[in-house]
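Peer 1: The structure under discussion is supplied below as structure tokens; questions concerning it will follow.
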Amino acid sequence: MTLLLTLMAAVVATLTWYASEKARQLKVCVLCYLFWGASLMWLVDAVFEYIEQRSSYFSPSASEMLNDAFLGMSVIVLAMTIWLLVLLVKDPKRVLWHR
């Protein structure tokens with residue numbers, strides 16, 4: 001579930017970055033890096049967990065899926081918080097820091 005959520009967020013962020021010049025100015029590429037990095041991390045985790053558990057990997061309990069969903073949402077919120085901090089520090093539209 002965590003892998004699926006971060007992959008969906010990575011695809012949405014990448015399509016947004018690719019389709020919009022305004023998104024590129026607002027540093028959406030940072031979100032792309034964070035989401036694709038998290039997706040790669042969860043993919044490696046899934047591969048090693050599959051090697052360890054084999055077929056039981058594909059039949060998680062409801063509580064495991066709920067925990068994974070909460071973890072995935074937490075990763076998305078943390079990445080968006082980091083992006084917001086980068087956006088505030090860089091201030092591409094010079095709203096906060098008038099130079």
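Going through the structure tokens in order, the chains are called A, B, and so on, while each chain numbers its residues from 1 and the ligands are numbered from 1 in the order shown.
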Quick one: residues within 9 Å of Thr6 (chain A), only C-alpha atoms counted, chain neighbours fewer than 6 positions away excluded, as number ranges by chain?

Peer 2: A: 35-36, 38-39, 42, 72-73, 75-76

Peer 1: For Lys27 (chain A), list every protein, DNA or RNA residue within 10 Å, evaluated using only C-alpha atoms, and leave out those in the same chain fewer than 5 positions away; present the list as a list in words.

Peer 2: Trp17, Lys22, Cys32, Trp83, Leu84, Val86, Leu87, Lys90, Asp91 and Pro92 of chain A

Peer 1: Could you write those residues out with all heavy atoms, as a short mmCIF file (atom, residue, chain, number, x, y, z; two decimals), in the first residue's frame?

Peer 2:
data_model
loop_
_atom_site.label_atom_id
_atom_site.label_comp_id
_atom_site.auth_asym_id
_atom_site.auth_seq_id
_atom_site.Cartn_x
_atom_site.Cartn_y
_atom_site.Cartn_z
N TRP A 17 4.71 18.53 -13.06
CA TRP A 17 5.97 19.22 -13.38
C TRP A 17 6.16 19.31 -14.89
O TRP A 17 6.55 20.35 -15.41
CB TRP A 17 7.13 18.47 -12.73
CG TRP A 17 8.46 18.94 -13.18
CD1 TRP A 17 9.15 20.03 -12.74
CD2 TRP A 17 9.27 18.35 -14.19
NE1 TRP A 17 10.34 20.14 -13.42
CE2 TRP A 17 10.43 19.12 -14.32
CE3 TRP A 17 9.11 17.23 -15.00
CZ2 TRP A 17 11.44 18.80 -15.21
CZ3 TRP A 17 10.11 16.93 -15.90
CH2 TRP A 17 11.26 17.71 -15.99
N LYS A 22 4.49 26.84 -14.77
CA LYS A 22 4.33 27.41 -13.43
C LYS A 22 4.77 26.40 -12.36
O LYS A 22 5.40 26.78 -11.38
CB LYS A 22 2.87 27.80 -13.21
CG LYS A 22 2.63 28.50 -11.91
CD LYS A 22 1.18 28.95 -11.77
CE LYS A 22 0.97 29.68 -10.46
NZ LYS A 22 -0.43 30.10 -10.31
N CYS A 32 9.07 15.62 -7.06
CA CYS A 32 9.37 14.46 -7.91
C CYS A 32 10.52 13.66 -7.33
O CYS A 32 10.44 12.43 -7.22
CB CYS A 32 9.71 14.91 -9.32
SG CYS A 32 8.35 15.68 -10.20
N TRP A 83 8.78 20.12 0.67
CA TRP A 83 8.65 20.96 -0.52
C TRP A 83 8.21 22.37 -0.15
O TRP A 83 8.74 23.34 -0.70
CB TRP A 83 7.65 20.33 -1.49
CG TRP A 83 7.28 21.20 -2.64
CD1 TRP A 83 8.11 21.62 -3.65
CD2 TRP A 83 6.01 21.80 -2.89
NE1 TRP A 83 7.40 22.42 -4.52
CE2 TRP A 83 6.11 22.54 -4.09
CE3 TRP A 83 4.78 21.75 -2.24
CZ2 TRP A 83 5.05 23.25 -4.62
CZ3 TRP A 83 3.72 22.44 -2.77
CH2 TRP A 83 3.86 23.19 -3.95
N LEU A 84 7.29 22.49 0.77
CA LEU A 84 6.83 23.81 1.21
C LEU A 84 7.97 24.60 1.85
O LEU A 84 8.15 25.80 1.59
CB LEU A 84 5.66 23.68 2.18
CG LEU A 84 5.07 24.98 2.68
CD1 LEU A 84 4.47 25.78 1.52
CD2 LEU A 84 4.00 24.70 3.73
N VAL A 86 11.21 24.19 1.22
CA VAL A 86 12.11 24.57 0.13
C VAL A 86 11.54 25.75 -0.64
O VAL A 86 12.25 26.70 -0.98
CB VAL A 86 12.36 23.37 -0.82
CG1 VAL A 86 13.02 23.80 -2.11
CG2 VAL A 86 13.17 22.31 -0.13
N LEU A 87 10.24 25.72 -0.87
CA LEU A 87 9.58 26.81 -1.58
C LEU A 87 9.68 28.12 -0.81
O LEU A 87 9.93 29.17 -1.38
CB LEU A 87 8.12 26.44 -1.83
CG LEU A 87 7.34 27.30 -2.80
CD1 LEU A 87 7.98 27.23 -4.18
CD2 LEU A 87 5.90 26.82 -2.85
N LYS A 90 13.53 29.21 -0.98
CA LYS A 90 13.94 29.67 -2.32
C LYS A 90 13.14 30.88 -2.78
O LYS A 90 13.67 31.75 -3.46
CB LYS A 90 13.77 28.54 -3.35
CG LYS A 90 14.63 27.35 -3.09
CD LYS A 90 16.05 27.60 -3.47
CE LYS A 90 16.85 26.32 -3.27
NZ LYS A 90 18.19 26.43 -3.74
N ASP A 91 11.86 30.93 -2.44
CA ASP A 91 10.95 32.03 -2.77
C ASP A 91 11.08 32.45 -4.23
O ASP A 91 11.49 33.57 -4.55
CB ASP A 91 11.22 33.22 -1.84
CG ASP A 91 10.11 34.26 -1.88
OD1 ASP A 91 9.00 33.92 -2.30
OD2 ASP A 91 10.38 35.40 -1.49
N PRO A 92 10.69 31.55 -5.18
CA PRO A 92 10.89 31.84 -6.60
C PRO A 92 10.09 33.04 -7.11
O PRO A 92 10.49 33.67 -8.08
CB PRO A 92 10.44 30.55 -7.29
CG PRO A 92 9.55 29.88 -6.32
CD PRO A 92 10.02 30.29 -4.96
#
